[in-house]
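Next up, structure.txt (compact mmCIF, C-alpha atoms and all ligand atoms):
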```txt
# COMPACT_ATOMS: atom_id res chain seq x y z
CA MET A 1 -33.54 -7.58 -4.73
CA VAL A 2 -30.10 -7.15 -3.18
CA LYS A 3 -28.90 -3.56 -3.51
CA VAL A 4 -25.16 -3.07 -3.86
CA ARG A 5 -23.86 0.48 -3.91
CA VAL A 6 -20.38 0.73 -5.35
CA THR A 7 -17.84 3.50 -4.78
CA CYS A 8 -15.06 1.73 -6.71
CA ASN A 9 -14.41 2.91 -10.23
CA LYS A 10 -16.86 1.35 -12.71
CA ASN A 11 -14.23 0.93 -15.43
CA ILE A 12 -12.07 -1.07 -13.07
CA ILE A 13 -14.81 -3.40 -11.91
CA GLU A 14 -16.46 -3.99 -15.28
CA ARG A 15 -13.28 -4.23 -17.37
CA PHE A 16 -12.70 -7.93 -16.81
CA GLY A 17 -16.30 -9.07 -16.95
CA VAL A 18 -16.11 -11.02 -13.70
CA LYS A 19 -19.57 -12.53 -13.20
CA LYS A 20 -21.60 -10.71 -10.56
CA PRO A 21 -24.28 -12.41 -8.44
CA GLU A 22 -27.26 -12.69 -10.75
CA GLY A 23 -30.30 -10.46 -10.47
CA TRP A 24 -28.73 -8.08 -7.96
CA ASP A 25 -29.00 -4.33 -8.33
CA PHE A 26 -25.42 -2.98 -8.60
CA GLN A 27 -25.23 0.81 -8.78
CA TYR A 28 -22.02 2.79 -9.24
CA ILE A 29 -22.50 5.89 -7.18
CA ASN A 30 -20.98 9.29 -7.63
CA TYR A 31 -17.74 9.15 -5.57
CA PRO A 32 -15.74 11.03 -4.28
CA CYS A 33 -18.43 13.23 -2.78
CA SER A 34 -19.35 14.82 0.55
CA ASP A 35 -20.27 12.57 3.50
CA GLU A 36 -23.83 13.81 3.21
CA GLU A 37 -24.07 12.79 -0.44
CA LEU A 38 -22.37 9.48 0.29
CA ALA A 39 -24.89 8.63 3.02
CA GLN A 40 -27.74 9.67 0.75
CA GLN A 41 -26.51 7.52 -2.14
CA CYS A 42 -25.87 4.44 0.06
CA LYS A 43 -28.91 4.80 2.33
CA ASP A 44 -30.81 1.84 0.86
CA ALA A 45 -27.76 -0.41 0.34
CA ASP A 46 -27.69 -4.02 1.54
CA ILE A 47 -24.00 -4.01 0.67
CA VAL A 48 -21.46 -1.25 0.12
CA PHE A 49 -18.55 -2.16 -2.17
CA CYS A 50 -15.73 0.33 -1.70
CA GLY A 51 -12.16 0.97 -2.76
CA PRO A 52 -9.37 0.37 -0.21
CA VAL A 53 -8.84 4.09 0.33
CA ASP A 54 -12.47 5.27 0.24
CA TYR A 55 -13.74 7.09 3.33
CA PHE A 56 -16.68 5.69 5.30
CA ARG A 57 -16.82 7.80 8.44
CA ARG A 58 -19.10 7.30 11.45
CA GLU A 59 -21.54 10.00 10.25
CA VAL A 60 -22.10 8.01 7.03
CA ILE A 61 -22.15 4.53 8.56
CA GLU A 62 -24.74 5.54 11.17
CA GLN A 63 -27.18 6.22 8.35
CA LEU A 64 -26.75 2.81 6.64
CA ASP A 65 -29.83 1.23 8.15
CA ASN A 66 -30.14 -1.73 5.72
CA CYS A 67 -26.47 -2.47 5.32
CA LYS A 68 -25.05 -5.87 6.23
CA LEU A 69 -21.59 -5.61 4.72
CA ILE A 70 -19.03 -2.99 3.75
CA HIS A 71 -16.51 -4.75 1.51
CA SER A 72 -13.15 -3.30 0.55
CA LEU A 73 -12.10 -4.32 -2.94
CA GLY A 74 -8.48 -4.64 -1.84
CA VAL A 75 -6.54 -5.01 1.39
CA GLY A 76 -6.69 -1.60 3.06
CA PHE A 77 -9.66 -0.52 5.17
CA ASP A 78 -8.01 2.28 7.11
CA LYS A 79 -10.53 4.94 6.02
CA ILE A 80 -13.55 2.99 7.32
CA ASP A 81 -14.77 3.58 10.89
CA LEU A 82 -14.65 -0.06 12.06
CA GLU A 83 -16.17 0.63 15.46
CA ALA A 84 -19.15 2.48 14.02
CA ALA A 85 -19.81 -0.44 11.65
CA LYS A 86 -19.54 -2.94 14.49
CA GLU A 87 -22.01 -0.97 16.62
CA LYS A 88 -24.41 -1.00 13.68
CA GLY A 89 -23.95 -4.78 13.16
CA ILE A 90 -22.31 -4.32 9.75
CA TYR A 91 -19.46 -6.63 8.74
CA VAL A 92 -16.38 -4.89 7.33
CA CYS A 93 -14.32 -7.24 5.15
CA ASN A 94 -11.26 -7.00 2.98
CA ASN A 95 -9.55 -9.32 0.51
CA ARG A 96 -6.55 -10.24 2.62
CA ALA A 97 -3.46 -11.22 0.61
CA VAL A 98 -5.27 -10.68 -2.71
CA ASN A 99 -2.46 -8.51 -4.02
CA ALA A 100 0.49 -9.49 -1.82
CA VAL A 101 2.59 -10.68 -4.77
CA PRO A 102 2.22 -7.58 -6.99
CA VAL A 103 2.79 -5.25 -4.02
CA ALA A 104 5.95 -7.13 -3.04
CA GLU A 105 7.07 -7.13 -6.69
CA LEU A 106 6.70 -3.36 -6.91
CA ALA A 107 8.58 -2.94 -3.62
CA VAL A 108 11.47 -4.94 -5.08
CA GLY A 109 11.16 -2.85 -8.25
CA HIS A 110 11.56 0.35 -6.23
CA MET A 111 14.53 -1.19 -4.38
CA ILE A 112 16.35 -1.88 -7.63
CA THR A 113 15.32 1.51 -9.02
CA SER A 114 17.00 3.22 -6.08
CA LEU A 115 20.03 0.91 -5.96
CA ARG A 116 20.74 1.48 -9.65
CA ARG A 117 20.10 5.24 -9.31
CA MET A 118 17.51 5.08 -12.07
CA PRO A 119 15.72 8.39 -11.25
CA GLU A 120 19.03 10.24 -11.68
CA ALA A 121 20.00 8.33 -14.84
CA ASP A 122 16.53 8.76 -16.32
CA ALA A 123 16.49 12.52 -15.65
CA LYS A 124 20.00 12.98 -17.08
CA ILE A 125 19.35 11.07 -20.25
CA LYS A 126 15.99 12.75 -20.91
CA ALA A 127 17.43 16.21 -20.24
CA LYS A 128 20.09 15.62 -22.92
CA GLY A 129 17.63 14.80 -25.69
CA VAL A 130 18.70 13.19 -28.96
CA ASP A 131 21.37 15.80 -29.68
CA GLY A 132 23.13 15.05 -26.44
CA PHE A 133 24.18 11.57 -27.55
CA ASN A 134 26.85 12.64 -30.04
CA GLU A 135 29.41 12.05 -27.36
CA SER A 136 29.86 8.80 -25.45
CA PHE A 137 26.65 7.35 -24.02
CA LYS A 138 28.67 6.35 -20.98
CA GLU A 139 29.11 10.00 -20.12
CA TYR A 140 25.63 10.01 -18.66
CA GLN A 141 26.26 7.14 -16.29
CA VAL A 142 25.60 7.64 -12.60
CA LYS A 143 27.88 6.78 -9.72
CA GLY A 144 27.16 4.84 -6.54
CA GLN A 145 25.14 1.95 -7.98
CA SER A 146 24.96 -1.26 -5.98
CA GLU A 147 23.47 -4.75 -6.20
CA LEU A 148 20.41 -6.08 -4.44
CA SER A 149 22.08 -9.46 -4.01
CA SER A 150 24.44 -8.38 -1.26
CA ARG A 151 22.20 -5.92 0.58
CA VAL A 152 20.77 -6.20 4.09
CA ILE A 153 17.01 -5.69 3.92
CA GLY A 154 14.81 -4.72 6.85
CA LEU A 155 11.13 -5.58 6.52
CA VAL A 156 8.83 -3.68 8.84
CA GLY A 157 5.65 -5.77 9.00
CA LEU A 158 5.75 -9.47 8.16
CA GLY A 159 2.18 -10.12 7.07
CA ALA A 160 0.98 -11.26 3.64
CA ILE A 161 3.04 -8.68 1.72
CA GLY A 162 6.11 -8.90 3.95
CA LYS A 163 6.16 -12.68 3.50
CA ALA A 164 5.75 -12.41 -0.29
CA ALA A 165 8.73 -10.03 -0.24
CA VAL A 166 10.78 -12.57 1.76
CA LYS A 167 10.36 -15.17 -1.01
CA MET A 168 11.55 -12.75 -3.68
CA LEU A 169 14.42 -11.30 -1.69
CA LYS A 170 15.69 -14.77 -0.76
CA ALA A 171 15.95 -15.52 -4.47
CA PHE A 172 18.11 -12.41 -4.83
CA GLY A 173 20.38 -13.66 -2.05
CA CYS A 174 19.70 -10.79 0.35
CA GLU A 175 20.20 -10.91 4.10
CA ILE A 176 16.79 -10.32 5.67
CA MET A 177 15.92 -8.86 9.06
CA TYR A 178 12.36 -8.12 10.13
CA TYR A 179 10.38 -6.33 12.79
CA ASP A 180 6.71 -6.97 13.52
CA VAL A 181 4.61 -6.67 16.67
CA PHE A 182 4.12 -10.44 16.34
CA ARG A 183 7.11 -12.70 15.86
CA ALA A 184 6.85 -15.38 13.13
CA ASP A 185 7.19 -18.99 14.27
CA GLU A 186 10.63 -20.47 14.62
CA ALA A 187 10.18 -22.94 11.76
CA TYR A 188 9.35 -20.08 9.34
CA GLU A 189 12.33 -18.04 10.53
CA MET A 190 14.69 -21.00 10.13
CA GLU A 191 13.32 -22.11 6.77
CA ASN A 192 13.69 -18.61 5.35
CA ASP A 193 16.81 -17.65 7.26
CA ILE A 194 15.36 -14.35 8.51
CA LYS A 195 16.22 -12.61 11.75
CA TYR A 196 13.70 -11.05 14.12
CA CYS A 197 14.92 -7.78 15.65
CA THR A 198 13.83 -4.46 17.11
CA TYR A 199 12.80 -1.48 14.98
CA ASP A 200 15.95 0.33 16.13
CA GLU A 201 18.14 -2.54 14.91
CA ILE A 202 16.41 -2.38 11.51
CA LEU A 203 17.04 1.37 11.34
CA GLU A 204 20.70 1.05 12.26
CA LYS A 205 21.76 -2.05 10.34
CA CYS A 206 19.78 -2.23 7.09
CA ASP A 207 20.68 -0.90 3.65
CA ILE A 208 17.03 -0.97 2.58
CA ILE A 209 14.03 -0.60 4.89
CA SER A 210 10.70 -1.64 3.41
CA TYR A 211 7.40 -0.90 5.17
CA HIS A 212 4.51 -3.40 5.01
CA VAL A 213 2.30 -2.33 7.92
CA PRO A 214 -1.26 -0.99 8.08
CA VAL A 215 -1.99 2.58 9.20
CA LEU A 216 -2.42 2.52 12.96
CA ASP A 217 -1.51 4.94 15.74
CA SER A 218 1.62 2.81 16.22
CA THR A 219 2.69 3.03 12.56
CA ARG A 220 1.89 6.66 11.66
CA ASN A 221 5.12 8.60 11.15
CA MET A 222 7.34 5.53 11.59
CA VAL A 223 9.59 7.34 9.13
CA ARG A 224 10.39 10.72 10.71
CA LYS A 225 13.41 12.89 11.49
CA GLU A 226 14.36 10.92 14.59
CA THR A 227 14.16 7.51 12.86
CA ILE A 228 15.82 8.74 9.66
CA GLU A 229 18.74 9.97 11.74
CA LYS A 230 19.33 6.42 12.97
CA MET A 231 19.51 5.04 9.40
CA LYS A 232 22.72 4.43 7.46
CA GLN A 233 23.92 7.15 5.11
CA ASP A 234 22.24 6.46 1.72
CA ALA A 235 19.77 3.98 3.24
CA ILE A 236 16.80 3.28 0.95
CA ILE A 237 13.29 3.72 2.36
CA ILE A 238 10.52 1.84 0.55
CA ASN A 239 6.88 2.63 1.30
CA VAL A 240 4.28 0.64 -0.61
CA ALA A 241 1.91 0.54 2.38
CA ARG A 242 0.25 3.89 3.14
CA GLY A 243 1.51 7.48 2.98
CA GLU A 244 0.69 8.08 6.63
CA ILE A 245 3.67 5.89 7.65
CA VAL A 246 6.00 8.66 6.46
CA ASN A 247 6.38 12.21 7.71
CA ASN A 248 6.41 14.14 4.43
CA GLU A 249 8.43 17.16 5.59
CA ASP A 250 11.11 15.06 7.30
CA LEU A 251 11.56 12.74 4.32
CA ALA A 252 11.68 15.66 1.88
CA GLU A 253 14.39 17.30 3.97
CA ALA A 254 16.43 14.08 4.12
CA LEU A 255 16.17 13.62 0.33
CA ASN A 256 17.16 17.23 -0.35
CA ASN A 257 20.11 16.92 2.03
CA GLY A 258 21.42 13.77 0.31
CA ARG A 259 20.86 11.68 3.42
CA VAL A 260 18.65 8.81 2.11
CA PHE A 261 16.95 7.47 -1.03
CA ALA A 262 13.26 6.57 -1.23
CA GLY A 263 10.87 4.52 -3.34
CA LEU A 264 7.23 5.41 -2.71
CA ASP A 265 4.01 4.01 -4.12
CA VAL A 266 1.82 5.87 -1.66
CA ILE A 267 1.67 9.35 -0.31
CA ALA A 268 -0.53 11.22 2.17
CA PRO A 269 -2.82 12.77 1.16
CA GLU A 270 -3.78 11.16 -2.16
CA PRO A 271 -3.96 13.02 -4.44
CA PRO A 272 -1.20 15.33 -3.09
CA SER A 273 -1.70 19.09 -2.90
CA ALA A 274 0.37 21.42 -5.12
CA ASP A 275 2.54 22.45 -2.17
CA HIS A 276 3.23 18.88 -1.02
CA PRO A 277 6.86 18.70 0.22
CA LEU A 278 7.63 15.52 -1.75
CA PHE A 279 6.49 17.20 -4.97
CA ASN A 280 8.60 20.29 -4.37
CA LEU A 281 12.03 18.73 -3.96
CA THR A 282 15.28 20.25 -5.17
CA GLU A 283 16.87 18.64 -8.25
CA ALA A 284 19.20 16.74 -5.91
CA GLY A 285 16.24 15.56 -3.88
CA LYS A 286 14.32 14.44 -6.98
CA ALA A 287 17.29 12.32 -8.06
CA ARG A 288 16.91 10.35 -4.83
CA LEU A 289 13.21 9.55 -5.20
CA SER A 290 11.32 7.05 -7.32
CA ILE A 291 7.58 7.39 -7.12
CA THR A 292 4.50 5.59 -8.46
CA PRO A 293 0.84 6.65 -8.04
CA HIS A 294 -0.52 3.89 -5.76
CA ILE A 295 -0.31 1.14 -8.35
CA ALA A 296 1.40 -1.62 -6.36
CA GLY A 297 -1.66 -3.78 -5.80
CA THR A 298 -3.64 -3.04 -8.90
CA THR A 299 -2.47 -5.40 -11.60
CA ASP A 300 -5.15 -6.78 -13.91
CA ASP A 301 -4.59 -10.23 -12.36
CA ALA A 302 -5.20 -8.85 -8.87
CA PHE A 303 -8.32 -6.94 -9.95
CA ILE A 304 -9.88 -10.16 -11.25
CA ARG A 305 -9.19 -11.90 -7.93
CA MET A 306 -10.47 -8.86 -6.00
CA SER A 307 -13.84 -8.86 -7.77
CA LYS A 308 -14.27 -12.65 -7.53
CA TRP A 309 -13.42 -12.83 -3.85
CA SER A 310 -15.63 -9.83 -3.04
CA TYR A 311 -18.67 -11.29 -4.85
CA ASP A 312 -18.18 -14.63 -3.05
CA ASP A 313 -18.27 -12.84 0.29
CA MET A 314 -21.33 -10.83 -0.68
CA VAL A 315 -23.24 -14.00 -1.57
CA LYS A 316 -22.20 -15.58 1.73
CA VAL A 317 -23.54 -12.65 3.73
CA MET A 318 -26.83 -12.57 1.84
CA ASN A 319 -27.17 -16.33 2.52
CA GLY A 320 -26.76 -15.62 6.22
CA GLU A 321 -23.23 -17.07 6.36
CA ARG A 322 -20.16 -15.48 7.85
CA PRO A 323 -17.94 -13.87 5.18
CA ASN A 324 -14.15 -14.30 4.96
CA ASN A 325 -11.72 -11.81 6.45
CA VAL A 326 -14.00 -9.87 8.78
CA VAL A 327 -11.79 -7.04 10.04
CA ASN A 328 -14.05 -5.25 12.54
CA GLY A 329 -14.36 -7.97 15.14
CA LEU A 330 -18.03 -8.71 14.47
N1 LIG A 401 0.20 0.13 -2.38
C1 LIG A 401 -0.79 -0.72 -2.55
O1 LIG A 401 -1.37 -0.82 -3.63
C2 LIG A 401 -1.21 -1.59 -1.42
C3 LIG A 401 -0.94 -1.27 -0.10
N2 LIG A 401 -1.35 -2.08 0.91
C4 LIG A 401 -1.04 -1.69 2.30
O2 LIG A 401 -0.13 -2.64 2.86
C5 LIG A 401 -0.52 -2.90 4.20
C6 LIG A 401 0.00 -4.26 4.64
O3 LIG A 401 -0.67 -5.26 3.90
P1 LIG A 401 -0.60 -6.82 4.27
O4 LIG A 401 0.79 -7.29 4.37
O5 LIG A 401 -1.51 -7.50 3.35
O6 LIG A 401 -1.25 -6.78 5.74
P2 LIG A 401 -1.18 -7.90 6.85
O7 LIG A 401 -2.27 -7.58 7.81
O8 LIG A 401 -1.10 -9.25 6.28
O9 LIG A 401 0.24 -7.59 7.57
C7 LIG A 401 0.51 -6.44 8.29
C8 LIG A 401 1.57 -6.77 9.34
O10 LIG A 401 1.93 -5.57 10.03
C9 LIG A 401 2.14 -5.91 11.39
N3 LIG A 401 2.06 -4.73 12.24
C10 LIG A 401 0.95 -4.07 12.68
N4 LIG A 401 1.31 -3.02 13.43
C11 LIG A 401 2.66 -3.00 13.49
C12 LIG A 401 3.60 -2.16 14.11
N5 LIG A 401 3.25 -1.11 14.86
N6 LIG A 401 4.91 -2.45 13.95
C13 LIG A 401 5.30 -3.51 13.22
N7 LIG A 401 4.45 -4.35 12.60
C14 LIG A 401 3.14 -4.10 12.73
C15 LIG A 401 1.06 -6.95 11.69
O11 LIG A 401 1.36 -7.71 12.84
C16 LIG A 401 1.09 -7.77 10.40
O12 LIG A 401 1.97 -8.87 10.50
C17 LIG A 401 -2.05 -2.78 4.15
O13 LIG A 401 -2.58 -2.49 5.43
C18 LIG A 401 -2.30 -1.68 3.16
O14 LIG A 401 -2.38 -0.45 3.83
C19 LIG A 401 -1.99 -3.26 0.66
C20 LIG A 401 -2.26 -3.62 -0.63
C21 LIG A 401 -1.95 -2.79 -1.76
O1 LIG A 402 -5.46 -3.14 -1.61
C1 LIG A 402 -5.12 -2.04 -1.13
O2 LIG A 402 -5.12 -1.79 0.07
C2 LIG A 402 -4.69 -0.97 -2.04
O3 LIG A 402 -4.10 -0.02 -1.63
C3 LIG A 402 -5.07 -1.12 -3.46
O4 LIG A 402 -4.45 -2.11 -4.10
C4 LIG A 402 -5.20 0.18 -4.21
O5 LIG A 402 -6.49 0.15 -4.71
P1 LIG A 402 -7.24 1.41 -5.34
O6 LIG A 402 -7.36 2.44 -4.26
O7 LIG A 402 -6.44 1.84 -6.50
O8 LIG A 402 -8.57 0.83 -5.73
```
Would you encode the structure as structure tokens?
Amino acid sequence: MVKVRVTCNKNIIERFGVKKPEGWDFQYINYPCSDEELAQQCKDADIVFCGPVDYFRREVIEQLDNCKLIHSLGVGFDKIDLEAAKEKGIYVCNNRAVNAVPVAELAVGHMITSLRRMPEADAKIKAKGVDGFNESFKEYQVKGQSELSSRVIGLVGLGAIGKAAVKMLKAFGCEIMYYDVFRADEAYEMENDIKYCTYDEILEKCDIISYHVPVLDSTRNMVRKETIEKMKQDAIIINVARGEIVNNEDLAEALNNGRVFAGLDVIAPEPPSADHPLFNLTEAGKARLSITPHIAGTTDDAFIRMSKWSYDDMVKVMNGERPNNVVNGL
């Protein structure tokens, strides 16, 4: 019998009743836990089914003697030691593009939230309470709002999510610039009227800079003091990718100093510690930040696709076929 050990949350996986491969032994293990416990609980697994931010370090992977596949429920796989899995002959797969649309939608949501100064308006109106509304409602309006339709947007990373964002932003009538280590083909650029440029050009020319890159040595701390200094006054930074892209201290300082705005769906580490700089902002800093708890990719619709696609891959592997979206070069 095929043994699948699952670190993803049971309530998430079972909620939609997506049909699992029949007769297999699916066990939801106790996670998060220590590496030792993780290895112990997954020791007999044919397949490990993990969340996109679950840790599978070398020490754990080296003990997975039966394992043929580690499958990430979503897109990210940055906490899995890909090399260790490859050495062990274990496929690591993700569900590429499974949640590109909802992630791009939330990025656009954060853009509008910042442009319309919603965190400030929301805080003001809630602080007043019911009694505060005796006077004119307009009194609580905020200044400095602007429209998405005339903004210059810089997309950093033009993969599945970046491209989904292009579609949406075109509909808003934005001017779009992008930077990626790989340039899109000319036909795509022309059809979508987007301009390829350097990261520095993005920093200097864009009103909104939205990050859609994986965590790599080249993307860690892409948002830091030195890059923030190159941005326009009141530029909006959107991070729906991974917290590691942003230097927490530097962004917190820029928010507190009234230098930029930010919309974040992710933060490093998750969950944040009590003394995390982005959770200890001044009132002025808080008014410049909209934040969501890593929910961009996790709509119900996306979860259904995630389970279906993952089960399809698992069946393929157990039938001796190559699964989709192998990400560790096996
Ligand atoms: N907040 C959330 O719920 C979610 C977050 N994510 C995050 O978003 C990331 C991006 O996802 P996708 O667009 O699906 O990935 P993708 O692999 O389709 O695209 C990533 C793009 O980044 C580019 N890139 C890599 N290194 C770069 C660098 N140093 N500078 C510029 N560009 C670089 C790649 O060439 C590629 O075009 C994921 O790796 C994941 O961490 C993904 C899904 C949900
Ligand atoms: O797909 C990804 O990558 C993500 O970040 C997820 O959408 C978030 O998934 P959970 O960690 O909430 O399972």
What residues have an atom no more than 12 Å from (-21.8, -4.4, 14.4) in the file's own frame, counting only C-alpha atoms, and can you write them as a list in words? Ile61, Glu62, Leu64, Asp65, Cys67, Lys68, Leu69, Ile70, Asp81, Leu82, Glu83, Ala84, Ala85, Lys86, Glu87, Lys88, Gly89, Ile90, Tyr91, Val92, Val326, Val327, Asn328, Gly329 and Leu330 of chain A
The selected residues should be written to file as an mmCIF file, in the frame of the given file (atoms: C-alpha atoms).
```
data_model
loop_
_atom_site.group_PDB
_atom_site.id
_atom_site.type_symbol
_atom_site.label_atom_id
_atom_site.label_comp_id
_atom_site.auth_asym_id
_atom_site.auth_seq_id
_atom_site.Cartn_x
_atom_site.Cartn_y
_atom_site.Cartn_z
ATOM 1 C CA ILE A 61 -22.150 4.530 8.560
ATOM 2 C CA GLU A 62 -24.740 5.540 11.170
ATOM 3 C CA LEU A 64 -26.750 2.810 6.640
ATOM 4 C CA ASP A 65 -29.830 1.230 8.150
ATOM 5 C CA CYS A 67 -26.470 -2.470 5.320
ATOM 6 C CA LYS A 68 -25.050 -5.870 6.230
ATOM 7 C CA LEU A 69 -21.590 -5.610 4.720
ATOM 8 C CA ILE A 70 -19.030 -2.990 3.750
ATOM 9 C CA ASP A 81 -14.770 3.580 10.890
ATOM 10 C CA LEU A 82 -14.650 -0.060 12.060
ATOM 11 C CA GLU A 83 -16.170 0.630 15.460
ATOM 12 C CA ALA A 84 -19.150 2.480 14.020
ATOM 13 C CA ALA A 85 -19.810 -0.440 11.650
ATOM 14 C CA LYS A 86 -19.540 -2.940 14.490
ATOM 15 C CA GLU A 87 -22.010 -0.970 16.620
ATOM 16 C CA LYS A 88 -24.410 -1.000 13.680
ATOM 17 C CA GLY A 89 -23.950 -4.780 13.160
ATOM 18 C CA ILE A 90 -22.310 -4.320 9.750
ATOM 19 C CA TYR A 91 -19.460 -6.630 8.740
ATOM 20 C CA VAL A 92 -16.380 -4.890 7.330
ATOM 21 C CA VAL A 326 -14.000 -9.870 8.780
ATOM 22 C CA VAL A 327 -11.790 -7.040 10.040
ATOM 23 C CA ASN A 328 -14.050 -5.250 12.540
ATOM 24 C CA GLY A 329 -14.360 -7.970 15.140
ATOM 25 C CA LEU A 330 -18.030 -8.710 14.470
#
```
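Contacts with ligand LIG 402 (chain A) are defined as any residue atom within 7 Å of a ligand atom, using all atoms listed in the file; the residues meeting this criterion are A:Cys8, A:Gly51, A:Pro52, A:Val53, A:Leu73, A:Gly74, A:Val75, A:Gly76, A:Phe77, A:Asn99, A:His294, A:Ile295, A:Ala296, A:Gly297, A:Thr298.
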May I have the residues from that selection written out with C-alpha atoms, as a compact mmCIF listing (two decimals), in the frame of the given file?
```
# COMPACT_ATOMS: atom_id res chain seq x y z
CA CYS A 8 -15.06 1.73 -6.71
CA GLY A 51 -12.16 0.97 -2.76
CA PRO A 52 -9.37 0.37 -0.21
CA VAL A 53 -8.84 4.09 0.33
CA LEU A 73 -12.10 -4.32 -2.94
CA GLY A 74 -8.48 -4.64 -1.84
CA VAL A 75 -6.54 -5.01 1.39
CA GLY A 76 -6.69 -1.60 3.06
CA PHE A 77 -9.66 -0.52 5.17
CA ASN A 99 -2.46 -8.51 -4.02
CA HIS A 294 -0.52 3.89 -5.76
CA ILE A 295 -0.31 1.14 -8.35
CA ALA A 296 1.40 -1.62 -6.36
CA GLY A 297 -1.66 -3.78 -5.80
CA THR A 298 -3.64 -3.04 -8.90
```
Padding of 8 Å on every side, edges along x, y and z, all listed atoms of ligand LIG 401 (chain A) included: what centre and edge lengths in Å, to one decimal, does that box have, as AutoDock Vina command-line options?
```
--center_x 1.4 --center_y -4.6 --center_z 5.6 --size_x 23.9 --size_y 25.4 --size_z 34.5
```
Select the residues contacting ligand LIG 401 (chain A) at a distance of at most 7 Å, based on all atoms listed in the file, then format the selection as a PyMOL selection string. chain A and resi 74-76+96-97+99-100+103+156-162+179-182+212-216+218-219+240-242+265-266+294-298
Surrounding residues of Cys50 of chain A excluding itself and chain neighbours under 5 positions, 6 Å, only C-alpha atoms, as number ranges by chain: A: 6-8, 72
Contacts of Ser150 of chain A within 12 Å, all atoms listed in the file, excl. fewer than 6 positions in-chain, as number ranges by chain: A: 115, 169-176, 206-208
Tell me which protein, DNA and RNA residues are within 7 Å of Lys79 of chain A, counting all atoms listed in the file, leaving out same-chain ones fewer than 4 positions away, and put them as number ranges by chain. A: 53-56
With distances taken over all atoms listed in the file, which of A:Val142, A:Met231, A:Leu281, A:Ile12 is nearest to Ala121 of chain A? A:Val142
Find, counting all atoms listed in the file, the residue in A:Gly144, A:Gly243, A:Gly263, A:Gly258 that gets nearest to His110 of chain A. A:Gly263
In Å and to one decimal, atom CA of Cys93 of chain A is distant from atom CA of Asn324 of chain A by 7.1 Å
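Between atom CA of Gln40 of chain A and atom CA of Lys20 of chain A the interatomic distance comes to 24.1 Å.
Nearest residue to Arg183 of chain A, choosing from A:Met306, A:Ile245, A:Cys197, A:Met111 and counting all atoms listed in the file: A:Cys197.
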Give me the residues of segment 38-145 of chain A that have any atom at most 8 Å from an atom of segment 287-290 of chain A; for each, the nearest atom pair and the distance in Å, rounded to one decimal. Use only C-alpha atoms, sort by chain and number, and format it as a Markdown table.
```
| residue | atom | partner | partner_atom | distance |
| --- | --- | --- | --- | --- |
| A:His110 | CA | A:Ser290 | CA | 6.8 |
| A:Thr113 | CA | A:Ser290 | CA | 7.0 |
| A:Ser114 | CA | A:Ser290 | CA | 7.0 |
| A:Arg117 | CA | A:Arg288 | CA | 7.5 |
| A:Pro119 | CA | A:Ala287 | CA | 5.3 |
| A:Glu120 | CA | A:Ala287 | CA | 4.5 |
| A:Ala123 | CA | A:Ala287 | CA | 7.6 |
```
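Going from atom CA of Ala274 of chain A to atom CA of Ile291 of chain A covers 15.9 Å.
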Neighbourhood query: residues within 12 Å of (8.5, 18.6, 2.6), file coordinates, counting all atoms listed in the file; return as a list in words. Arg224, Lys225, Val246, Asn247, Asn248, Glu249, Asp250, Leu251, Ala252, Glu253, Ala254, Leu255, Asn256, Asn257, Ile267, Ala268, Pro272, Ser273, Ala274, Asp275, His276, Pro277, Leu278, Phe279, Asn280, Leu281, Thr282, Gly285 and Lys286 of chain A
Restricting it to C-alpha atoms, dump the selection as a PDB file, keeping the file's coordinate frame.
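File selection-v8.pdb, as written:
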```pdb
ATOM      1  CA  ARG A 224      10.390  10.720  10.710  1.00  0.00           C
ATOM      2  CA  LYS A 225      13.410  12.890  11.490  1.00  0.00           C
ATOM      3  CA  VAL A 246       6.000   8.660   6.460  1.00  0.00           C
ATOM      4  CA  ASN A 247       6.380  12.210   7.710  1.00  0.00           C
ATOM      5  CA  ASN A 248       6.410  14.140   4.430  1.00  0.00           C
ATOM      6  CA  GLU A 249       8.430  17.160   5.590  1.00  0.00           C
ATOM      7  CA  ASP A 250      11.110  15.060   7.300  1.00  0.00           C
ATOM      8  CA  LEU A 251      11.560  12.740   4.320  1.00  0.00           C
ATOM      9  CA  ALA A 252      11.680  15.660   1.880  1.00  0.00           C
ATOM     10  CA  GLU A 253      14.390  17.300   3.970  1.00  0.00           C
ATOM     11  CA  ALA A 254      16.430  14.080   4.120  1.00  0.00           C
ATOM     12  CA  LEU A 255      16.170  13.620   0.330  1.00  0.00           C
ATOM     13  CA  ASN A 256      17.160  17.230  -0.350  1.00  0.00           C
ATOM     14  CA  ASN A 257      20.110  16.920   2.030  1.00  0.00           C
ATOM     15  CA  ILE A 267       1.670   9.350  -0.310  1.00  0.00           C
ATOM     16  CA  ALA A 268      -0.530  11.220   2.170  1.00  0.00           C
ATOM     17  CA  PRO A 272      -1.200  15.330  -3.090  1.00  0.00           C
ATOM     18  CA  SER A 273      -1.700  19.090  -2.900  1.00  0.00           C
ATOM     19  CA  ALA A 274       0.370  21.420  -5.120  1.00  0.00           C
ATOM     20  CA  ASP A 275       2.540  22.450  -2.170  1.00  0.00           C
ATOM     21  CA  HIS A 276       3.230  18.880  -1.020  1.00  0.00           C
ATOM     22  CA  PRO A 277       6.860  18.700   0.220  1.00  0.00           C
ATOM     23  CA  LEU A 278       7.630  15.520  -1.750  1.00  0.00           C
ATOM     24  CA  PHE A 279       6.490  17.200  -4.970  1.00  0.00           C
ATOM     25  CA  ASN A 280       8.600  20.290  -4.370  1.00  0.00           C
ATOM     26  CA  LEU A 281      12.030  18.730  -3.960  1.00  0.00           C
ATOM     27  CA  THR A 282      15.280  20.250  -5.170  1.00  0.00           C
ATOM     28  CA  GLY A 285      16.240  15.560  -3.880  1.00  0.00           C
ATOM     29  CA  LYS A 286      14.320  14.440  -6.980  1.00  0.00           C
TER      30      LYS A 286
END
```
